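J.: If you scroll down you'll find the structure; I have some questions about it.
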Amino acid sequence: MDLLLDAVVTGVLLGCFYGAVSLGLSVSFGLLDVPHVAHPAFLVLASYGVFIINEQYGIDPLIAGLLITPLFFVFGLIAYRLYYETFEKRGSDAGVRGIAFFFGVAFIIEVLIIIQFGVDQRAVTADYIGKSWRIADTRIPYRMLVAFAVAAALTIVLTLYLSRTFMGRAIRAVAQDQEALRLMGANPIRVKQWAFGIATAVLGIAGALLIIVAPVDPTLDRAYIGRTFCVVVMAGLGSMSGTLVAAIILGVAETIVTTMVGASWAPAISFAMLLGVLAVRPQGLFGRRS
Amino acid sequence: MKRSGAAFWIGAAAFLAVAFVMTKVIGNQYPFFAGYVILQFIALAVAWSILGGYAGYVNFGTSAFYGVGVYASVFLVKAFGAPLPVQILTAAAIGALMGFALGLLTLRMQGIFFSIATIALTIIIETVVTNWRYVGGAAGIQIQRPPVTAPFDNYVQLLFFIQAVLVVLAVAISRYIQNSWIGRGLQALKDDELAAECSGVPTLRLKLLACVISGALLCAVGAPGAMYLQYADPSSAFNLNYSVSTLAMSLIGGTAHWIGPVIGAIVLSTTQQLLTVTISSEVNVLVLGVMLVLFVVGAPEGIIGLARRIFHRSNEGRE
Amino acid sequence: MTKKVTEAGSISRRRLLTTASAGAALAASPLGINLLQAQGAPIRIGMSMPQTGGLAGGGKPSLLGIEIWRDDVNAKGGLLGRKVELVVYDDKSSASETPAIYSKLIDVDKVDLLFAPYATVPTAPIMPLVKQRGLLLIGNFSFQVNSKVGHDMWFNNAPWGPADSWAASFLDIGQKAGGKSMALLSADQEFAQNLAKTAREVAGKRSLPVVFDQSYPPNTVEFSSIIRGLKATKPDIVYVASYPPDSAGILRAVNEIGIGGSVKLFGGGMVGLQFGSVMESMGSLLNGVVNYNSWLPEKSMYFDGTKAFFEKYTKRAVEAKVDPLGYYLAPFGYASGQLVEQAIKATNSLDQKGLAKYLRENTHQTIVGPIAFSPDGERKETAVLQAQFRGVTDKNIEQFRSSGKQVILFPDNLKSGELVAPFEAART
């Protein structure tokens, strides 16, 4: 019974981590419909950025993550511009080609990382890595608590931004009806570009989290394509809090299977859940549309 | 129409004849090893395009079908010592069933949701195989080839020829679909599924048919892979590379015509084979990335789109 | 519409034919090149090596070791009066690439000798090919690839020895420390599963109860719940067979969750704890862990040429951006070269059968110590070290260059200290 309780606690924290690395995708894919399979590649790139800053200047990885967000914001602006000029502007079915485009981008990022850093795995150091918090008999790793806090903070900030600010509301509007926004006098492309910038900027912090929770290597992005899309689709497109909840459900399911059945079945269970959700409720658990 | 049909079959027969003669006159084994891989990708790309190109349902699970084909063979060899044709036919049957299941998914999902569902399916199947001790599980399994049968004197040449036959089969089916009511129905469905449904196109039946055919072919192409490597392990058999490469080849070639994936697969897999034995480093992956980006940006209709554009332009010039 | 399709169809048929004949031409041409190969041409050693993908972290330092040997031997005037040249292709860590690569090496490049790629997965598919052609193959840290194939011209450079010796030596240490039960945690990947299998067999033979036996999938992020489950079974000996990213995750989780006072011995088969970057980032978390290794900077491990080798390696690793320590694979790459060097010198020829006979029948002096082979081509006796991390501090890669940081507990002839147990006591 204790083990089960532990599994739930660990699962919630793990889920928060999954949520944090998926939030950017929830904006770029969920709100803007961009099939951003290079999202995890940018995530790993951010981790390497955090790694350099931490290694060179001994700056805390989370602060390092914050420091690189402006850079990633710019990356996002550029990436969307490229995508827009190539696909959305021409209007033809961007679907498959969009995916292929981002796969290409992901491979290029992967190789650039290998050329710059070599193939060895990298990790960062901080006081909260490798230590844990004791409550009664249970011990909870601090780095997972960090994941929890960061995920919660990111979700709150993004939710507030999307609902309270003018730009945030414009982003949500552009997701629903591009024409209406144009009539209101806003340039939907600008809005989308801005939103994509934000989605990518969030990766700065998410990348810090990735390398705090576990070491990274240049090809790690491939493992996260399935996971992040799974979270975002399961949540239903575009809901920030929904993304976090879906991620937590996934995390808890994984750890319970690990504890009760065996870790080797965990991936099958989470993706079976995704298939189930898609089959029963294609708009996702907290979806905005069908 | 008829004349082109005859020409196609003569071409196909000539292709097989050349493949067969190659096995007789070339003593060097390398062309067969490399050729096998290239042919395998041609067949995969053509099979993938039946669903992904004609119907516009992007299947990310090529590696799932390929891997199931490989492991169907591994199981049959281990359990019954089944011969190669039985392996391929069984794999095709299993692939058809998987395709049918995939077809049912299309009932509920379209676009990227369908693609994501196929990724999920791949991971589930890979996990099951990884946990299946009988076929080696995660540890992998070594398998022995049976002695080669006449008229071939080397097993790799036999596999090369069989893969050539699969290519012809896949192309013939793809070509038939393209030129028949099925292809036109799929085209309508791709353009606007709802409109197609309303105007009386049996969309569900068509989608199921495309999924079943594509799935059966993909699995069948994977089946000889077990004998080619004489080894199987889940991470190689279910490698993401098969999904991405197949998709890339079809797009680079162009999906509007059956020849598109053929050209795309020849271009890309030959390049990859050449790079493997020349530059041979991480630059290899870089080339794949850059080619993907350049082609989807610069040649939206693929190589056949480019060729058509050039062809039309020169025609106009003459008139 | 129909017309258009017809036209396109006939174009493509022509193209198809062109391609087929181009293929035939391509196939014929390399034969011409080989006519040029005259006397005095270099001796060419062919291999594939994982330089991208999951195994690249091991493949690159291994290759550097082989390259240093090549440069050394060429500086001494080569072999049989000919220079030595390497022909190396990247196999992307995948089994599906190697058959074509080795066929190219054998049939087109016509290399004189073959080395196997690093690791089991890329090696397994080429074993039948090499056996069928009757060629000598020097293995590179693959595990039991020859057990089913039975090729008598296969020689593995790895220190493994008999299949079960690895698990046996680890369990010996554990049982001597009073261990009466074992927990087994393994990655769902080829090498780890093979290790786990032999561990189960050895435990079975010694009727040592296995109280926990789980495998976990690749790319597992969080090991907390696995470690909690393991801890709950209160094992004495914990045998872990893991891969680089996971090894770090497991050790972190162990440090955070704790493993319980019952554990006397922890480690055994963790891949990754041999690599400089991993050891550096793990730092003090490593303390107490008893893990396998192939070479360590302890006094007993220095043989003729070892010191000189590492001086060269350390310099070249920086510019090659590979593991700065390179203990695990690089010296064995060099030793592979030494094996063929000695065989060629002794038999004064490149005859594969002759070389194989020489390698099988003699003991060879290398920078990793004397090597002798049993009939299956593996080492006659295991030289897998089991060593305990002690007194490791954080963020310092240089500390691992001095002796005493990894104390060798096994084998007896190389031993440099005694086990500190229980595990928790050894961590401070």
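Chain labels run A, B, ... following the order of the structure tokens; each chain numbers its residues from 1, and ligands are numbered from 1 in the order shown.
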Among stretch 367-407 of chain C, which ones does DSSP assign to strand (DSSP E) (computed from the backbone)? Answer as a ChimeraX atom specification.
T.: /C:369-371,385-389,406-407
J.: Would you kindly return, as an NGL selection string, each protein, DNA or RNA residue with an atom no farther than 10 Å from any atom of A:Tyr84, considering only C-alpha atoms and excluding same-chain residues fewer than 3 positions away?
T.: :A and (34 or 78-81 or 87-91 or 94 or 189 or 192-193)
J.: Please, which residues of chain B lie no more than 8 Å from chain A when the count uses only C-alpha atoms, and can they be set out as a ChimeraX atom specification?
T.: /B:58,105,108-109,111-113,116-117,119-121,123-125,127-128,131,244,247-248,251,282-283,285-286,288-293,296-297,300
J.: Give me a file of those residues, with C-alpha atoms, as a short mmCIF file (atom, residue, chain, number, x, y, z; two decimals), in the first residue's frame.
T.:
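And here is the file that came out, result_38.cif:
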```
data_model
loop_
_atom_site.label_atom_id
_atom_site.label_comp_id
_atom_site.auth_asym_id
_atom_site.auth_seq_id
_atom_site.Cartn_x
_atom_site.Cartn_y
_atom_site.Cartn_z
CA VAL B 58 0.06 9.91 -43.06
CA LEU B 105 -8.83 4.13 -36.56
CA ARG B 108 -12.46 8.41 -35.76
CA MET B 109 -9.31 10.29 -36.63
CA GLY B 111 -4.88 14.39 -40.20
CA ILE B 112 -2.20 14.58 -37.58
CA PHE B 113 -4.33 12.70 -35.05
CA ILE B 116 -0.04 10.30 -33.76
CA ALA B 117 -2.20 7.22 -33.31
CA ILE B 119 3.14 6.41 -33.46
CA ALA B 120 1.29 5.13 -30.40
CA LEU B 121 0.62 1.84 -32.16
CA ILE B 123 5.43 1.97 -29.45
CA ILE B 124 2.84 -0.47 -28.14
CA ILE B 125 3.83 -3.18 -30.60
CA THR B 127 6.97 -2.94 -26.24
CA VAL B 128 5.11 -6.21 -26.72
CA ASN B 131 8.80 -8.37 -23.69
CA VAL B 244 11.05 8.82 -41.42
CA LEU B 247 7.98 9.37 -45.57
CA ALA B 248 10.93 11.38 -46.84
CA LEU B 251 7.71 13.28 -50.46
CA GLU B 282 27.29 12.31 -38.59
CA VAL B 283 27.30 14.36 -41.79
CA VAL B 285 22.33 12.39 -40.96
CA LEU B 286 22.85 16.04 -41.79
CA LEU B 288 19.12 13.58 -44.83
CA GLY B 289 17.95 16.58 -42.82
CA VAL B 290 19.04 19.13 -45.39
CA MET B 291 17.58 17.13 -48.28
CA LEU B 292 14.26 16.88 -46.47
CA VAL B 293 14.09 20.59 -45.80
CA VAL B 296 9.72 20.13 -49.06
CA VAL B 297 10.53 23.82 -49.36
CA PRO B 300 6.47 20.82 -52.95
#
```
J.: In stretch 26-160 of chain C, what's alpha helix (DSSP H) per DSSP? Answer as a PyMOL selection string?
T.: chain C and resi 26-35+56-75+98-103+120-123+126-133
J.: How would the residues just picked look written out with C-alpha atoms as a PDB file, in the first residue's frame?
T.:
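Output file again.pdb is given in full below:
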```pdb
ATOM      1  CA  LEU C  26      28.169   0.428 -60.830  1.00  0.00           C
ATOM      2  CA  ALA C  27      28.604  -3.152 -59.781  1.00  0.00           C
ATOM      3  CA  ALA C  28      31.163  -3.949 -62.426  1.00  0.00           C
ATOM      4  CA  SER C  29      33.473  -0.987 -62.003  1.00  0.00           C
ATOM      5  CA  PRO C  30      34.992  -1.687 -58.564  1.00  0.00           C
ATOM      6  CA  LEU C  31      36.578  -4.866 -59.886  1.00  0.00           C
ATOM      7  CA  GLY C  32      38.761  -2.688 -62.072  1.00  0.00           C
ATOM      8  CA  ILE C  33      40.049  -0.713 -59.128  1.00  0.00           C
ATOM      9  CA  ASN C  34      41.315  -3.809 -57.436  1.00  0.00           C
ATOM     10  CA  LEU C  35      43.602  -4.644 -60.328  1.00  0.00           C
ATOM     11  CA  ALA C  56      28.781   6.348 -30.730  1.00  0.00           C
ATOM     12  CA  GLY C  57      30.010   7.291 -27.248  1.00  0.00           C
ATOM     13  CA  GLY C  58      31.898   3.983 -27.184  1.00  0.00           C
ATOM     14  CA  GLY C  59      32.665   3.670 -30.875  1.00  0.00           C
ATOM     15  CA  LYS C  60      34.584   6.926 -31.180  1.00  0.00           C
ATOM     16  CA  PRO C  61      37.176   6.344 -28.422  1.00  0.00           C
ATOM     17  CA  SER C  62      37.558   2.751 -29.577  1.00  0.00           C
ATOM     18  CA  LEU C  63      38.385   3.956 -33.071  1.00  0.00           C
ATOM     19  CA  LEU C  64      40.858   6.484 -31.697  1.00  0.00           C
ATOM     20  CA  GLY C  65      42.647   3.632 -29.907  1.00  0.00           C
ATOM     21  CA  ILE C  66      42.938   1.722 -33.171  1.00  0.00           C
ATOM     22  CA  GLU C  67      44.170   4.837 -34.986  1.00  0.00           C
ATOM     23  CA  ILE C  68      46.897   5.373 -32.412  1.00  0.00           C
ATOM     24  CA  TRP C  69      48.046   1.792 -32.984  1.00  0.00           C
ATOM     25  CA  ARG C  70      48.064   2.404 -36.738  1.00  0.00           C
ATOM     26  CA  ASP C  71      50.227   5.484 -36.322  1.00  0.00           C
ATOM     27  CA  ASP C  72      52.583   3.677 -33.949  1.00  0.00           C
ATOM     28  CA  VAL C  73      53.032   0.717 -36.254  1.00  0.00           C
ATOM     29  CA  ASN C  74      53.539   2.932 -39.278  1.00  0.00           C
ATOM     30  CA  ALA C  75      56.123   4.978 -37.393  1.00  0.00           C
ATOM     31  CA  THR C  98      26.595  -3.702 -41.188  1.00  0.00           C
ATOM     32  CA  PRO C  99      25.938  -6.517 -43.708  1.00  0.00           C
ATOM     33  CA  ALA C 100      26.211  -4.123 -46.653  1.00  0.00           C
ATOM     34  CA  ILE C 101      29.241  -2.367 -45.146  1.00  0.00           C
ATOM     35  CA  TYR C 102      31.177  -5.592 -44.567  1.00  0.00           C
ATOM     36  CA  SER C 103      30.263  -6.867 -47.983  1.00  0.00           C
ATOM     37  CA  THR C 120      27.076  -6.703 -30.052  1.00  0.00           C
ATOM     38  CA  VAL C 121      24.157  -5.390 -32.097  1.00  0.00           C
ATOM     39  CA  PRO C 122      26.140  -4.250 -35.144  1.00  0.00           C
ATOM     40  CA  THR C 123      28.416  -7.295 -34.908  1.00  0.00           C
ATOM     41  CA  ILE C 126      28.132 -10.043 -39.872  1.00  0.00           C
ATOM     42  CA  MET C 127      29.137 -13.208 -38.015  1.00  0.00           C
ATOM     43  CA  PRO C 128      27.489 -15.644 -40.463  1.00  0.00           C
ATOM     44  CA  LEU C 129      28.891 -13.691 -43.420  1.00  0.00           C
ATOM     45  CA  VAL C 130      32.435 -13.774 -42.093  1.00  0.00           C
ATOM     46  CA  LYS C 131      32.178 -17.440 -41.212  1.00  0.00           C
ATOM     47  CA  GLN C 132      30.877 -18.341 -44.647  1.00  0.00           C
ATOM     48  CA  ARG C 133      33.791 -16.533 -46.283  1.00  0.00           C
TER      49      ARG C 133
END
```
J.: Each residue of chain A with at least one atom at most 6 Å from chain C should appear once, together with its nearest atom pair and the corresponding distance in Å (one decimal); atoms considered: only C-alpha atoms; ordering: chain, then increasing residue number; output as CSV.
T.:
```
residue,atom,partner,partner_atom,distance
A:Ala7,CA,C:Ser225,CA,5.9
A:Gly118,CA,C:Lys321,CA,5.6
A:Val119,CA,C:Gly57,CA,5.4
A:Asp120,CA,C:Gly57,CA,5.3
A:Ala123,CA,C:Ser281,CA,5.8
A:Gly130,CA,C:Arg252,CA,5.3
A:Lys131,CA,C:Glu256,CA,5.1
A:Ser132,CA,C:Glu256,CA,4.9
A:Arg139,CA,C:Ile257,CA,5.5
A:Pro141,CA,C:Glu256,CA,5.5
A:Ala263,CA,C:Tyr216,CA,4.7
A:Ser264,CA,C:Tyr216,CA,4.4
```
J.: Restricting the calculation to only C-alpha atoms: of C:Phe115, C:Ala241, C:Asn348, C:Phe212, which residue gets closest to A:Thr259?
T.: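 Of C:Phe115, C:Ala241, C:Asn348, C:Phe212, the one nearest A:Thr259, counting only C-alpha atoms, is C:Phe212.
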